[in-house]
>>> print(open('query-v2.cif').read())   # mmCIF, C-alpha atoms
data_coords
loop_
_atom_site.label_atom_id
_atom_site.label_comp_id
_atom_site.auth_asym_id
_atom_site.auth_seq_id
_atom_site.Cartn_x
_atom_site.Cartn_y
_atom_site.Cartn_z
CA ALA A 1 3.99 -8.47 -12.32
CA LEU A 2 4.91 -4.88 -13.04
CA GLU A 3 4.35 -2.61 -10.08
CA VAL A 4 3.93 0.96 -11.26
CA ASN A 5 4.42 3.60 -8.62
CA LEU A 6 2.03 6.47 -9.34
CA SER A 7 2.57 7.85 -5.88
CA CYS A 8 6.19 8.75 -5.14
CA PRO A 9 6.35 11.63 -2.63
CA ASN A 10 10.13 11.97 -3.00
CA VAL A 11 10.19 14.00 -6.21
CA LYS A 12 9.44 17.70 -6.70
CA ALA A 13 6.66 17.12 -9.21
CA GLY A 14 5.16 14.23 -11.04
CA CYS A 15 4.17 10.90 -9.58
CA MET A 16 2.30 12.03 -6.50
CA SER A 17 0.25 14.64 -8.33
CA ILE A 18 -0.48 12.17 -11.13
CA GLY A 19 -1.44 9.47 -8.65
CA SER A 20 -3.94 11.70 -6.91
CA ASP A 21 -5.88 12.51 -10.08
CA PRO A 22 -8.30 9.71 -11.09
CA VAL A 23 -8.41 10.89 -14.72
CA GLN A 24 -4.61 10.77 -15.05
CA VAL A 25 -4.44 7.42 -13.26
CA LYS A 26 -6.97 5.86 -15.62
CA THR A 27 -5.22 7.33 -18.67
CA ILE A 28 -1.77 6.09 -17.62
CA VAL A 29 -3.01 2.64 -16.65
CA SER A 30 -4.93 2.33 -19.94
CA GLU A 31 -1.81 3.21 -21.92
CA LEU A 32 0.34 0.80 -19.91
CA ARG A 33 -2.26 -1.95 -20.34
CA LYS A 34 -1.90 -1.59 -24.15
CA ARG A 35 1.86 -2.10 -23.86
CA THR A 36 2.08 -5.19 -21.66
CA SER A 37 0.30 -8.45 -21.03
CA LEU A 38 2.11 -8.85 -17.70
CA PRO A 39 0.05 -8.42 -14.54
CA LEU A 40 -0.11 -4.68 -13.86
CA TRP A 41 -0.13 -3.53 -10.23
CA ILE A 42 -0.64 0.17 -9.53
CA LYS A 43 0.77 1.61 -6.29
CA LEU A 44 -1.40 4.44 -5.00
CA THR A 45 -0.77 7.39 -2.74
CA PRO A 46 -2.58 7.81 0.57
CA ASN A 47 -2.27 11.57 0.12
CA VAL A 48 -5.75 11.93 -1.40
CA THR A 49 -9.21 12.83 -0.17
CA ASP A 50 -10.89 9.65 -1.45
CA ILE A 51 -8.71 6.61 -2.17
CA LYS A 52 -11.68 4.67 -3.60
CA THR A 53 -12.06 7.06 -6.53
CA VAL A 54 -8.40 6.71 -7.51
CA ALA A 55 -8.42 2.93 -7.01
CA LEU A 56 -11.52 2.58 -9.17
CA ALA A 57 -9.83 4.65 -11.89
CA ALA A 58 -6.87 2.24 -11.83
CA GLN A 59 -9.25 -0.72 -12.10
CA GLU A 60 -11.17 0.90 -14.97
CA GLY A 61 -7.88 1.57 -16.76
CA GLY A 62 -7.03 -2.13 -16.69
CA ALA A 63 -4.98 -2.66 -13.53
CA ASP A 64 -4.80 -6.24 -12.34
CA ALA A 65 -4.27 -5.12 -8.72
CA VAL A 66 -3.74 -2.00 -6.66
CA VAL A 67 -1.02 -1.64 -4.04
CA LEU A 68 -2.14 0.26 -0.96
CA ILE A 69 -0.48 2.37 0.34
CA ASN A 70 2.65 4.27 -0.49
CA THR A 71 4.13 6.61 2.10
CA LEU A 72 2.46 9.57 3.73
CA LEU A 73 3.88 12.96 2.88
CA GLY A 74 6.02 14.15 5.77
CA MET A 75 8.74 16.55 6.80
CA ALA A 76 11.66 16.55 9.22
CA ILE A 77 13.46 19.73 10.29
CA ASP A 78 17.07 20.30 11.30
CA ILE A 79 16.74 22.61 14.31
CA ARG A 80 20.30 23.93 13.90
CA THR A 81 19.92 25.06 10.29
CA ARG A 82 16.16 25.63 10.52
CA ARG A 83 15.79 23.85 7.20
CA PRO A 84 14.06 20.66 6.16
CA ILE A 85 16.41 17.68 6.36
CA LEU A 86 15.40 16.60 2.87
CA ARG A 87 16.45 18.81 -0.05
CA ASN A 88 13.00 18.26 -1.52
CA ASN A 89 11.60 19.72 1.74
CA THR A 90 9.14 16.84 2.12
CA GLY A 91 9.32 13.11 1.55
CA GLY A 92 7.74 9.77 2.25
CA TYR A 93 6.98 8.77 5.84
CA SER A 94 6.68 5.03 6.39
CA GLY A 95 6.81 2.40 9.09
CA PRO A 96 4.44 1.32 11.87
CA ALA A 97 2.77 4.72 12.24
CA VAL A 98 1.17 4.52 8.77
CA LYS A 99 -0.49 1.13 9.37
CA PRO A 100 -3.87 2.47 10.62
CA VAL A 101 -4.16 4.67 7.53
CA ALA A 102 -3.21 1.77 5.26
CA LEU A 103 -5.71 -0.59 6.91
CA ARG A 104 -8.51 1.95 6.50
CA MET A 105 -7.71 2.45 2.84
CA VAL A 106 -7.48 -1.30 2.15
CA SER A 107 -10.84 -1.78 3.86
CA GLU A 108 -12.47 1.06 1.91
CA CYS A 109 -11.15 -0.13 -1.43
CA SER A 110 -12.05 -3.77 -0.79
CA GLN A 111 -15.69 -2.68 -0.68
CA VAL A 112 -15.64 -1.23 -4.22
CA LEU A 113 -12.94 -3.05 -6.23
CA ASN A 114 -13.17 -6.29 -8.20
CA ILE A 115 -9.38 -6.69 -8.44
CA PRO A 116 -6.95 -7.80 -5.74
CA ILE A 117 -5.46 -5.39 -3.25
CA ILE A 118 -1.85 -5.72 -2.19
CA GLY A 119 -1.57 -4.22 1.29
CA CYS A 120 1.49 -2.44 2.61
CA GLY A 121 2.37 0.13 5.20
CA GLY A 122 3.71 -0.66 8.64
CA ILE A 123 3.75 -4.45 8.41
CA SER A 124 6.31 -5.91 10.81
CA CYS A 125 4.77 -9.12 12.20
CA ALA A 126 2.29 -11.88 11.41
CA ASP A 127 -0.54 -10.11 13.24
CA ASP A 128 -0.08 -7.12 10.92
CA VAL A 129 -0.41 -9.39 7.90
CA LEU A 130 -3.54 -10.95 9.36
CA GLU A 131 -5.07 -7.50 9.89
CA PHE A 132 -4.37 -6.54 6.27
CA MET A 133 -5.88 -9.78 4.99
CA ILE A 134 -9.00 -9.36 7.13
CA ALA A 135 -9.29 -5.74 5.89
CA GLY A 136 -9.34 -7.01 2.30
CA ALA A 137 -5.78 -7.54 1.08
CA SER A 138 -5.05 -10.60 -1.05
CA ALA A 139 -1.32 -10.26 -0.41
CA VAL A 140 1.08 -7.90 1.33
CA GLU A 141 4.43 -6.22 0.81
CA ILE A 142 6.91 -5.63 3.61
CA GLY A 143 9.19 -2.62 3.28
CA THR A 144 10.55 -0.74 6.28
CA ALA A 145 10.55 -3.74 8.63
CA SER A 146 12.65 -5.78 6.18
CA LEU A 147 15.22 -3.00 6.10
CA VAL A 148 15.44 -2.96 9.90
CA HIS A 149 15.26 -6.76 10.29
CA PRO A 150 16.27 -8.48 7.01
CA THR A 151 14.87 -11.84 8.16
CA CYS A 152 11.49 -10.32 8.97
CA PRO A 153 9.67 -11.74 5.90
CA VAL A 154 10.95 -15.25 6.67
CA ASP A 155 9.96 -14.94 10.34
CA ILE A 156 6.51 -13.63 9.42
CA THR A 157 5.98 -16.48 6.95
CA LYS A 158 6.81 -19.06 9.63
CA ASP A 159 4.49 -17.35 12.13
CA LEU A 160 1.67 -17.23 9.56
CA HIS A 161 2.03 -20.95 8.81
CA LYS A 162 1.81 -21.69 12.53
CA TRP A 163 -1.20 -19.37 13.00
CA CYS A 164 -3.07 -21.01 10.12
CA GLU A 165 -2.26 -24.47 11.45
CA ASP A 166 -3.32 -23.53 15.02
CA ASN A 167 -6.56 -21.98 13.71
CA ASP A 168 -7.26 -24.68 11.11
CA THR A 169 -7.64 -22.16 8.29
CA LYS A 170 -5.99 -20.97 5.10
CA LEU A 171 -4.65 -17.44 4.98
CA SER A 172 -6.62 -16.72 1.80
CA ASP A 173 -9.86 -17.50 3.65
CA LEU A 174 -9.32 -14.39 5.76
CA THR A 175 -9.30 -11.90 2.88
CA GLY A 176 -12.09 -9.38 3.25
CA THR A 177 -13.71 -10.90 6.35
CA LEU A 178 -13.75 -7.64 8.31
CA GLN A 179 -17.13 -7.03 9.93
CA LEU A 180 -17.67 -3.29 10.17
CA TRP A 181 -19.99 -1.86 12.82
#
>>> encode(input="query-v2.cif", output="structure tokens")
Amino acid sequence: ALEVNLSCPNVKAGCMSIGSDPVQVKTIVSELRKRTSLPLWIKLTPNVTDIKTVALAAQEGGADAVVLINTLLGMAIDIRTRRPILRNNTGGYSGPAVKPVALRMVSECSQVLNIPIIGCGGISCADDVLEFMIAGASAVEIGTASLVHPTCPVDITKDLHKWCEDNDTKLSDLTGTLQLW
């Protein structure tokens, strides 16, 4: 698959602004779809008012899946220099703190999309994966945790196999089983 990041918060202009505009997302995905027969996954920004609108635009443009979510826009300040630590002033904030936002967005998009959702954002253990699957993800990506603990994906895979065996279920049977109030 080709994963196309339309949501990078670490550049001065470009990807994040493109990825927050449903018209631009649909146009870009449509053009990419003409140029490849490979599965096309579109990574979306959480820095939008309504993630469903942008995700639907990606689907309408021909995406085979959406990846939810990229990093939240954040800032860190050096108190000695009184300047942002990043030269770009802001950048992507990731890790466990973004998981609740990611889960909400996966859940919202799973209610309107007909294509798979790849969940990411704060996944560091098997329970996190299970939450993403229940929220509507068909698969997950593990970023920050694998940088901190390189064996994390292997450990999570083992724990998921055990959980499925203990609960007499397949992981894929959990996708989209969230029961909202």
>>> closest_atom_pairs(input="query-v2.cif", of="range 27-88 of chain A", to="range 110-126 of chain A", cutoff="10 Å", atoms="all atoms listed in the file", output="CSV")
residue,atom,partner,partner_atom,distance
A:Trp41,CA,A:Ile118,CA,8.5
A:Ile42,CA,A:Ile118,CA,9.5
A:Lys43,CA,A:Ile118,CA,8.8
A:Lys52,CA,A:Val112,CA,7.1
A:Thr53,CA,A:Val112,CA,9.3
A:Ala55,CA,A:Leu113,CA,7.5
A:Leu56,CA,A:Leu113,CA,6.5
A:Ala58,CA,A:Leu113,CA,9.8
A:Gln59,CA,A:Ile115,CA,7.0
A:Glu60,CA,A:Leu113,CA,9.8
A:Gly62,CA,A:Ile115,CA,9.7
A:Ala63,CA,A:Ile115,CA,7.8
A:Asp64,CA,A:Ile115,CA,6.0
A:Ala65,CA,A:Pro116,CA,4.8
A:Val66,CA,A:Ile117,CA,5.1
A:Val67,CA,A:Ile118,CA,4.6
A:Leu68,CA,A:Gly119,CA,5.0
A:Ile69,CA,A:Cys120,CA,5.7
A:Asn70,CA,A:Gly121,CA,7.0
A:Thr71,CA,A:Gly121,CA,7.4
A:Leu72,CA,A:Gly121,CA,9.6
>>> closest_residue(input="query-v2.cif", among="A:Pro46, A:Gly61, A:Gly143, A:Val154", to="Ala102 in chain A", atoms="only C-alpha atoms")
A:Pro46
>>> atom_distance(input="query-v2.cif", atom1="CA of Cys164 in chain A", atom2="CA of Ser138 in chain A")
15.4 Å
>>> residues_around(input="query-v2.cif", residues="Leu2 in chain A", least_positions_apart="5", cutoff="8 Å", atoms="all atoms listed in the file", output="VMD selection string")
chain A and resid 38 to 41
>>> write_last_selection(input="query-v2.cif", atoms="C-alpha atoms", output="tab-separated table (two decimals), in the frame of the given file")
chain	number	residue	atom	x	y	z
A	38	LEU	CA	2.11	-8.85	-17.70
A	39	PRO	CA	0.05	-8.42	-14.54
A	40	LEU	CA	-0.11	-4.68	-13.86
A	41	TRP	CA	-0.13	-3.53	-10.23
>>> closest_residue(input="query-v2.cif", among="A:Asp78, A:Leu86, A:Ala137, A:Thr144", to="Val98 in chain A", atoms="all atoms listed in the file")
A:Thr144
>>> closest_residue(input="query-v2.cif", among="A:Thr90, A:Gln179, A:Thr36, A:Asn167", to="Gly136 in chain A", atoms="all atoms listed in the file")
A:Gln179
>>> resolve_selection(input="query-v2.cif", expression="the PyMOL selection byres ((chain A and resi 20) around 9)", output="list in words")
Leu6, Ser7, Cys15, Met16, Ser17, Ile18, Gly19, Asp21, Pro22, Gln24, Val25, Leu44, Thr45, Pro46, Asn47, Val48, Thr49, Ile51 and Val54 of chain A
>>> atom_distance(input="query-v2.cif", atom1="CA of Ser172 in chain A", atom2="CA of Thr157 in chain A")
13.6 Å
>>> closest_residue(input="query-v2.cif", among="A:Ser146, A:Ser107, A:Thr177, A:Asn5", to="Val29 in chain A", atoms="all atoms listed in the file")
A:Asn5
>>> closest_residue(input="query-v2.cif", among="A:Val23, A:Val106, A:Ile28, A:Leu73", to="Met133 in chain A", atoms="all atoms listed in the file")
A:Val106
>>> atom_distance(input="query-v2.cif", atom1="CA of Asp155 in chain A", atom2="CA of Leu171 in chain A")
15.8 Å
>>> closest_residue(input="query-v2.cif", among="A:Asp173, A:Glu141, A:Asp166, A:Asp128", to="Pro96 in chain A", atoms="all atoms listed in the file")
A:Asp128
>>> residues_around(input="query-v2.cif", residues="Leu103 in chain A", least_positions_apart="4", cutoff="7 Å", atoms="all atoms listed in the file", output="list in words")
Lys99, Ser107, Phe132 and Ala135 of chain A
